[in-house]
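Asker: I am attaching a structure below and will ask some questions about it afterwards.
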Amino acid sequence: LGWLAELLAPRAAENRHKTRIFVKEKCGDAAVDGFEDDLRQALLPYAHVVEVERVDDALRADDATAYLHHLSGEKYYDLAAWTFFLHADAPEHVHPFRLLEEVVASAQSGALDEASFPFLYLSHNYLDMGTSLHTWDNYASPRLWRHLFDGSIAPPREAVK
């Protein structure tokens, strides 16, 4: 996540007090001894809160699962004005990367108006559950749905918009 440090470094002094970083580990790196502490220490100069949390394997399906985990947990009641969901390899997903730099700078400065941009999709490659080989049913989404909504059934993929 060196790119994240570079992204936040230019305005770290004025924004550290209002920046929180939550890493949702879903790919196994947290199993390496010291991973969480090393990552936390590396990112603390840029944020007043840095949490590294493993997403439950029983519910892990894709990156969206990690994002949903963040939104549906305890942090739901303490969401930031702006939340950026990024892959660990964000420079591979956001082209040009300068776009992310500009959006983050705009959010930090207050120039990005949340009424005008309640959602902004920055990635160029994504999983389309309708046309992808990775579909709703084989990506553990029904299990996640049942867990989140404490139910015994989940809707078919076509019903989820």
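In the structure tokens, chains take letters A, B, ... by order of appearance, with residues numbered from 1 within each chain and ligands from 1 in the order shown.
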With a distance cut-off of 9 Å and only C-alpha atoms, select the neighbouring residues of Ala80 (chain A), excluding the residue or stretch itself and same-chain residues fewer than 6 positions from it, and output the selection as a ChimeraX atom specification.
Answerer: /A:18-20
Asker: Mind checking which residues fall within 10 Å of Val52 (chain A), counting only C-alpha atoms, ignoring those fewer than 2 positions away in the same chain, and posting them as an MDAnalysis selection string?
Answerer: chainID A and resid 21:25 30 35:37 39:40 50 54:55
Asker: Keeping N, CA, C and O atoms, export the residues of the selection given above as a PDB file, in the first residue's frame.
Answerer:
ATOM      1  N   ILE A  21      -8.337   5.183   8.238  1.00  0.00           N
ATOM      2  CA  ILE A  21      -8.074   4.141   7.250  1.00  0.00           C
ATOM      3  C   ILE A  21      -8.490   2.806   7.844  1.00  0.00           C
ATOM      4  O   ILE A  21      -8.037   2.433   8.923  1.00  0.00           O
ATOM      5  N   PHE A  22      -9.361   2.119   7.123  1.00  0.00           N
ATOM      6  CA  PHE A  22      -9.811   0.793   7.533  1.00  0.00           C
ATOM      7  C   PHE A  22      -9.422  -0.193   6.444  1.00  0.00           C
ATOM      8  O   PHE A  22      -9.924  -0.100   5.326  1.00  0.00           O
ATOM      9  N   VAL A  23      -8.521  -1.089   6.759  1.00  0.00           N
ATOM     10  CA  VAL A  23      -8.095  -2.101   5.799  1.00  0.00           C
ATOM     11  C   VAL A  23      -8.903  -3.355   6.073  1.00  0.00           C
ATOM     12  O   VAL A  23      -8.887  -3.884   7.186  1.00  0.00           O
ATOM     13  N   LYS A  24      -9.614  -3.810   5.069  1.00  0.00           N
ATOM     14  CA  LYS A  24     -10.386  -5.050   5.169  1.00  0.00           C
ATOM     15  C   LYS A  24      -9.581  -6.132   4.464  1.00  0.00           C
ATOM     16  O   LYS A  24      -9.579  -6.232   3.242  1.00  0.00           O
ATOM     17  N   GLU A  25      -8.885  -6.924   5.235  1.00  0.00           N
ATOM     18  CA  GLU A  25      -8.023  -7.976   4.694  1.00  0.00           C
ATOM     19  C   GLU A  25      -8.873  -9.173   4.331  1.00  0.00           C
ATOM     20  O   GLU A  25      -9.539  -9.751   5.170  1.00  0.00           O
ATOM     21  N   ALA A  30      -3.006 -11.166   6.163  1.00  0.00           N
ATOM     22  CA  ALA A  30      -3.021 -10.967   7.613  1.00  0.00           C
ATOM     23  C   ALA A  30      -2.495 -12.183   8.361  1.00  0.00           C
ATOM     24  O   ALA A  30      -2.154 -12.092   9.530  1.00  0.00           O
ATOM     25  N   PHE A  35       1.984  -8.664  10.061  1.00  0.00           N
ATOM     26  CA  PHE A  35       1.395  -7.918   8.938  1.00  0.00           C
ATOM     27  C   PHE A  35       0.542  -6.750   9.419  1.00  0.00           C
ATOM     28  O   PHE A  35       0.708  -5.615   8.969  1.00  0.00           O
ATOM     29  N   GLU A  36      -0.379  -7.018  10.319  1.00  0.00           N
ATOM     30  CA  GLU A  36      -1.307  -5.982  10.764  1.00  0.00           C
ATOM     31  C   GLU A  36      -0.579  -4.832  11.444  1.00  0.00           C
ATOM     32  O   GLU A  36      -0.841  -3.664  11.144  1.00  0.00           O
ATOM     33  N   ASP A  37       0.340  -5.150  12.344  1.00  0.00           N
ATOM     34  CA  ASP A  37       1.079  -4.095  13.052  1.00  0.00           C
ATOM     35  C   ASP A  37       1.961  -3.294  12.109  1.00  0.00           C
ATOM     36  O   ASP A  37       2.043  -2.066  12.210  1.00  0.00           O
ATOM     37  N   LEU A  39       1.568  -2.790   8.880  1.00  0.00           N
ATOM     38  CA  LEU A  39       0.731  -1.956   8.029  1.00  0.00           C
ATOM     39  C   LEU A  39       0.174  -0.776   8.817  1.00  0.00           C
ATOM     40  O   LEU A  39       0.173   0.367   8.338  1.00  0.00           O
ATOM     41  N   ARG A  40      -0.289  -1.027  10.015  1.00  0.00           N
ATOM     42  CA  ARG A  40      -0.820   0.041  10.870  1.00  0.00           C
ATOM     43  C   ARG A  40       0.241   1.114  11.104  1.00  0.00           C
ATOM     44  O   ARG A  40      -0.016   2.311  10.959  1.00  0.00           O
ATOM     45  N   VAL A  50      -6.110   3.860  12.236  1.00  0.00           N
ATOM     46  CA  VAL A  50      -5.779   2.846  11.237  1.00  0.00           C
ATOM     47  C   VAL A  50      -6.161   1.499  11.836  1.00  0.00           C
ATOM     48  O   VAL A  50      -5.630   1.105  12.870  1.00  0.00           O
ATOM     49  N   ARG A  54      -9.585  -8.557   9.461  1.00  0.00           N
ATOM     50  CA  ARG A  54      -9.801  -9.690   8.552  1.00  0.00           C
ATOM     51  C   ARG A  54     -11.302  -9.862   8.335  1.00  0.00           C
ATOM     52  O   ARG A  54     -12.080  -9.891   9.276  1.00  0.00           O
ATOM     53  N   VAL A  55     -11.720  -9.953   7.075  1.00  0.00           N
ATOM     54  CA  VAL A  55     -13.117 -10.195   6.749  1.00  0.00           C
ATOM     55  C   VAL A  55     -13.365 -11.692   6.881  1.00  0.00           C
ATOM     56  O   VAL A  55     -12.586 -12.508   6.404  1.00  0.00           O
TER      57      VAL A  55
END
Asker: From the list A:Val103, A:Leu7, A:Val32, A:Ile153, which residue is nearest Pro91 (chain A) when using only C-alpha atoms?
Answerer: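 Checking each of A:Val103, A:Leu7, A:Val32, A:Ile153 against Pro91 (chain A), counting only C-alpha atoms, the winner is A:Leu7.
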Asker: Select from region 26-108 of chain A everything DSSP, run on the backbone, classes as helix (DSSP H, G or I), then give the selection as JSON, numbers by chain.
Answerer: {"A": [29, 30, 31, 35, 36, 37, 38, 39, 40, 41, 42, 43, 44, 45, 46, 63, 64, 65, 66, 67, 68, 69, 70, 71, 72, 74, 75, 76, 77, 78, 90, 91, 92, 97, 98, 99, 100, 101, 102, 103, 104, 105, 106, 107, 108]}
Asker: Provide the CA of Glu158 (chain A) to CA of Ala64 (chain A) distance in Å, to one decimal place.
Answerer: 17.5 Å
Asker: Would you compute the distance between CA of Ser123 (chain A) and CA of His93 (chain A)? Give it in Å to one decimal.
Answerer: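 It comes out at 5.2 Å.
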Asker: Chain A: which residues are strand (DSSP E or B) by DSSP, as an MDAnalysis selection string?
Answerer: chainID A and resid 20:25 49:54
Asker: Would you mind telling me which residue in A:Leu44, A:Leu122, A:Val49, A:Ala105 lies nearest to Glu92 (chain A) when using only C-alpha atoms?
Answerer: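 With only C-alpha atoms as the atom set, the closest residue is A:Leu122.
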Asker: Pick the closest to Gly110 (chain A) from A:Leu148, A:Ala5, A:Leu43, A:Ala81: which is it, counting only C-alpha atoms?
Answerer: A:Ala81
Asker: Suppose you want the space between CA of Leu71 (chain A) and CA of Asn15 (chain A); what is it in Å?
Answerer: 22.4 Å
